[in-house]
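Asks: The structure under discussion is supplied below as structure tokens; questions concerning it will follow.
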Amino acid sequence: MKKEETVDYPIKSAWHAISRMYNQQAAEEGFTTSIGFVLININSKEGTPATKIAPLIGLETRSLTRMLKTMEEKGLIFKKADPIDKRSVRIFLTPEGKRKKEISVQTVKRFNEQVRDVISDKELAGFFGVITKIQKVIDQIQTKEGASSYVNQ
């Protein structure tokens, strides 16, 4: 089977192209796509519990911890104890973090508008339907693998 005939190749290829485009635009502002995604997922007014961010963007907790440290050093975020649960930490945006978040949001919106200019609503609905089904297949595979590895322990 040729790589162009596999389901994963065009998804991976498109994501890498999108990622390169986002990284190029983020680099012009002095940050990365990953930092941009974290900024987008932090509530600008109420902050966001640190434990909620990693699952939102598909990152491992260890990777997020390092990234939050970098973001704090760059003056994009600050941490505060949660007023209700003192054991929990909330992440808040600094004014510079809010500015970079807005740049990230606008970059994503602009790309999506450009895509929607050339792809019809019907085509996009079909695309989203297919991607959702692919994700379900992945979830089923991972559930089976998780169950079989648990049984084999």
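A note on labels: chains of the structure tokens are A, B, ... as shown, every chain counts residues from 1, and ligands are counted from 1 in their shown order.
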Using only C-alpha atoms, I'd like a table of the residues in segment 6-58 of chain A that come within 12 Å of segment 66-85 of chain A; for each, show the closest atom pair and its distance in Å rounded to one decimal, ordered by chain and ascending number, as JSON lines.
Replies:
```
{"residue": "A:Gly30", "atom": "CA", "partner": "A:Lys74", "partner_atom": "CA", "distance": 9.5}
{"residue": "A:Phe31", "atom": "CA", "partner": "A:Met71", "partner_atom": "CA", "distance": 9.0}
{"residue": "A:Thr32", "atom": "CA", "partner": "A:Met67", "partner_atom": "CA", "distance": 10.3}
{"residue": "A:Thr33", "atom": "CA", "partner": "A:Met67", "partner_atom": "CA", "distance": 11.5}
{"residue": "A:Ser34", "atom": "CA", "partner": "A:Met67", "partner_atom": "CA", "distance": 8.4}
{"residue": "A:Ile35", "atom": "CA", "partner": "A:Met67", "partner_atom": "CA", "distance": 7.2}
{"residue": "A:Gly36", "atom": "CA", "partner": "A:Met71", "partner_atom": "CA", "distance": 10.2}
{"residue": "A:Phe37", "atom": "CA", "partner": "A:Met67", "partner_atom": "CA", "distance": 11.2}
{"residue": "A:Val38", "atom": "CA", "partner": "A:Leu68", "partner_atom": "CA", "distance": 8.7}
{"residue": "A:Leu39", "atom": "CA", "partner": "A:Leu76", "partner_atom": "CA", "distance": 8.4}
{"residue": "A:Ile40", "atom": "CA", "partner": "A:Leu76", "partner_atom": "CA", "distance": 11.9}
{"residue": "A:Ile42", "atom": "CA", "partner": "A:Ile77", "partner_atom": "CA", "distance": 9.4}
{"residue": "A:Asn43", "atom": "CA", "partner": "A:Ile77", "partner_atom": "CA", "distance": 11.4}
{"residue": "A:Ser44", "atom": "CA", "partner": "A:Ile77", "partner_atom": "CA", "distance": 10.4}
{"residue": "A:Glu46", "atom": "CA", "partner": "A:Asp82", "partner_atom": "CA", "distance": 10.3}
{"residue": "A:Gly47", "atom": "CA", "partner": "A:Lys79", "partner_atom": "CA", "distance": 8.9}
{"residue": "A:Thr48", "atom": "CA", "partner": "A:Asp82", "partner_atom": "CA", "distance": 9.4}
{"residue": "A:Pro49", "atom": "CA", "partner": "A:Asp82", "partner_atom": "CA", "distance": 7.7}
{"residue": "A:Ala50", "atom": "CA", "partner": "A:Lys79", "partner_atom": "CA", "distance": 8.7}
{"residue": "A:Thr51", "atom": "CA", "partner": "A:Leu68", "partner_atom": "CA", "distance": 11.6}
{"residue": "A:Ile53", "atom": "CA", "partner": "A:Leu68", "partner_atom": "CA", "distance": 10.2}
{"residue": "A:Ala54", "atom": "CA", "partner": "A:Met67", "partner_atom": "CA", "distance": 10.5}
```
Asks: Please identify all polymer residues within 12 Å of segment 3-12 of chain A, counting only C-alpha atoms, omitting same-chain residues fewer than 2 positions from it, and present them as a PyMOL selection string.
Replies: chain A and resi 1+14-19+127+130-131+133-135+137-138
Asks: Output N, CA and C atoms for every residue in that selection, as a compact mmCIF listing (two decimals), in the first residue's frame.
Replies:
```txt
# COMPACT_ATOMS: atom_id res chain seq x y z
N MET A 1 0.85 -1.18 0.00
CA MET A 1 0.00 0.00 0.00
C MET A 1 0.89 1.25 0.00
N ALA A 14 -1.38 17.03 6.39
CA ALA A 14 -2.10 18.31 6.54
C ALA A 14 -1.80 18.93 7.90
N TRP A 15 -1.80 18.10 8.96
CA TRP A 15 -1.53 18.66 10.29
C TRP A 15 -0.13 19.25 10.36
N HIS A 16 0.86 18.57 9.77
CA HIS A 16 2.22 19.11 9.78
C HIS A 16 2.29 20.44 9.04
N ALA A 17 1.57 20.54 7.93
CA ALA A 17 1.55 21.80 7.18
C ALA A 17 0.89 22.92 8.00
N ILE A 18 -0.22 22.59 8.65
CA ILE A 18 -0.91 23.57 9.49
C ILE A 18 0.01 23.98 10.64
N SER A 19 0.63 23.01 11.28
CA SER A 19 1.52 23.27 12.40
C SER A 19 2.69 24.17 11.99
N PHE A 127 -16.40 16.05 5.93
CA PHE A 127 -15.06 15.93 6.53
C PHE A 127 -15.17 15.69 8.04
N VAL A 130 -16.37 12.20 8.80
CA VAL A 130 -15.33 11.19 8.61
C VAL A 130 -14.31 11.25 9.75
N ILE A 131 -13.86 12.43 10.11
CA ILE A 131 -12.88 12.58 11.19
C ILE A 131 -13.44 12.05 12.50
N LYS A 133 -15.65 9.66 12.87
CA LYS A 133 -15.65 8.20 12.79
C LYS A 133 -14.24 7.64 12.96
N ILE A 134 -13.24 8.31 12.39
CA ILE A 134 -11.85 7.87 12.55
C ILE A 134 -11.46 7.94 14.03
N GLN A 135 -11.87 9.02 14.70
CA GLN A 135 -11.57 9.15 16.13
C GLN A 135 -12.22 8.03 16.93
N VAL A 137 -12.82 4.99 15.84
CA VAL A 137 -12.02 3.79 15.58
C VAL A 137 -10.77 3.81 16.47
N ILE A 138 -10.12 4.95 16.55
CA ILE A 138 -8.92 5.09 17.39
C ILE A 138 -9.28 4.81 18.85
```
Asks: Going by DSSP on the backbone, which bits of chain A are strand (DSSP E)? Write them as number ranges by chain, please.
Replies: A: 48-49, 77-81, 89-93
Asks: Once you have the residues from the selection above, write them out as a compact mmCIF listing (two decimals), in the first residue's frame, restricted to N, CA and C atoms.
Replies:
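Writing done, so here's result_38.txt:
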```txt
# COMPACT_ATOMS: atom_id res chain seq x y z
N THR A 48 -7.84 29.45 34.61
CA THR A 48 -8.21 28.06 34.36
C THR A 48 -7.40 27.17 35.29
N PRO A 49 -8.05 26.18 35.91
CA PRO A 49 -7.28 25.24 36.74
C PRO A 49 -6.19 24.58 35.90
N ILE A 77 1.85 34.33 31.73
CA ILE A 77 0.89 33.82 32.70
C ILE A 77 1.40 34.05 34.11
N PHE A 78 0.50 33.90 35.07
CA PHE A 78 0.89 33.81 36.47
C PHE A 78 -0.03 32.80 37.14
N LYS A 79 0.43 32.24 38.26
CA LYS A 79 -0.32 31.21 38.97
C LYS A 79 -0.84 31.78 40.28
N LYS A 80 -2.04 31.31 40.66
CA LYS A 80 -2.64 31.71 41.93
C LYS A 80 -3.35 30.50 42.52
N ALA A 81 -3.31 30.37 43.83
CA ALA A 81 -4.07 29.30 44.48
C ALA A 81 -5.55 29.50 44.20
N VAL A 89 -4.22 24.97 41.69
CA VAL A 89 -3.62 26.20 41.16
C VAL A 89 -4.39 26.61 39.91
N ARG A 90 -4.68 27.89 39.81
CA ARG A 90 -5.32 28.44 38.61
C ARG A 90 -4.27 29.22 37.84
N ILE A 91 -4.38 29.13 36.53
CA ILE A 91 -3.47 29.85 35.64
C ILE A 91 -4.22 31.07 35.08
N PHE A 92 -3.59 32.23 35.18
CA PHE A 92 -4.17 33.47 34.69
C PHE A 92 -3.25 34.08 33.64
N LEU A 93 -3.83 34.84 32.73
CA LEU A 93 -3.05 35.53 31.69
C LEU A 93 -2.62 36.90 32.19
```
Asks: What is the distance between atom CA of Tyr22 of chain A and atom CA of Thr107 of chain A, in Å to one decimal?
Replies: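 Pair atom CA of Tyr22 of chain A / atom CA of Thr107 of chain A returns 7.6 Å.
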Asks: Enter the distance from atom CA of Glu29 of chain A to atom CA of Ser104 of chain A, in Å, rounded to one decimal.
Replies: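 Answer for the atom CA of Glu29 of chain A to atom CA of Ser104 of chain A separation: 9.9 Å.
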Asks: Please extract the residues of segment 25-146 of chain A with a backbone DSSP assignment of helix (DSSP H, G or I) and present them as a PyMOL selection string.
Replies: chain A and resi 25-28+33-40+50-57+61-73+95-118+121-146
Asks: Separation of atom CA of Gly129 of chain A and atom CA of Lys101 of chain A, in Å?
Replies: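 Between these atoms lies a distance of 29.2 Å.
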Asks: Using only C-alpha atoms, pick whichever of A:Asn23, A:Ser13, A:Gln114, A:Asn41 has the shortest atom-to-atom distance to Glu102 of chain A.
Replies: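 Looking at the shortest contact to Glu102 of chain A, the residue is A:Asn41.
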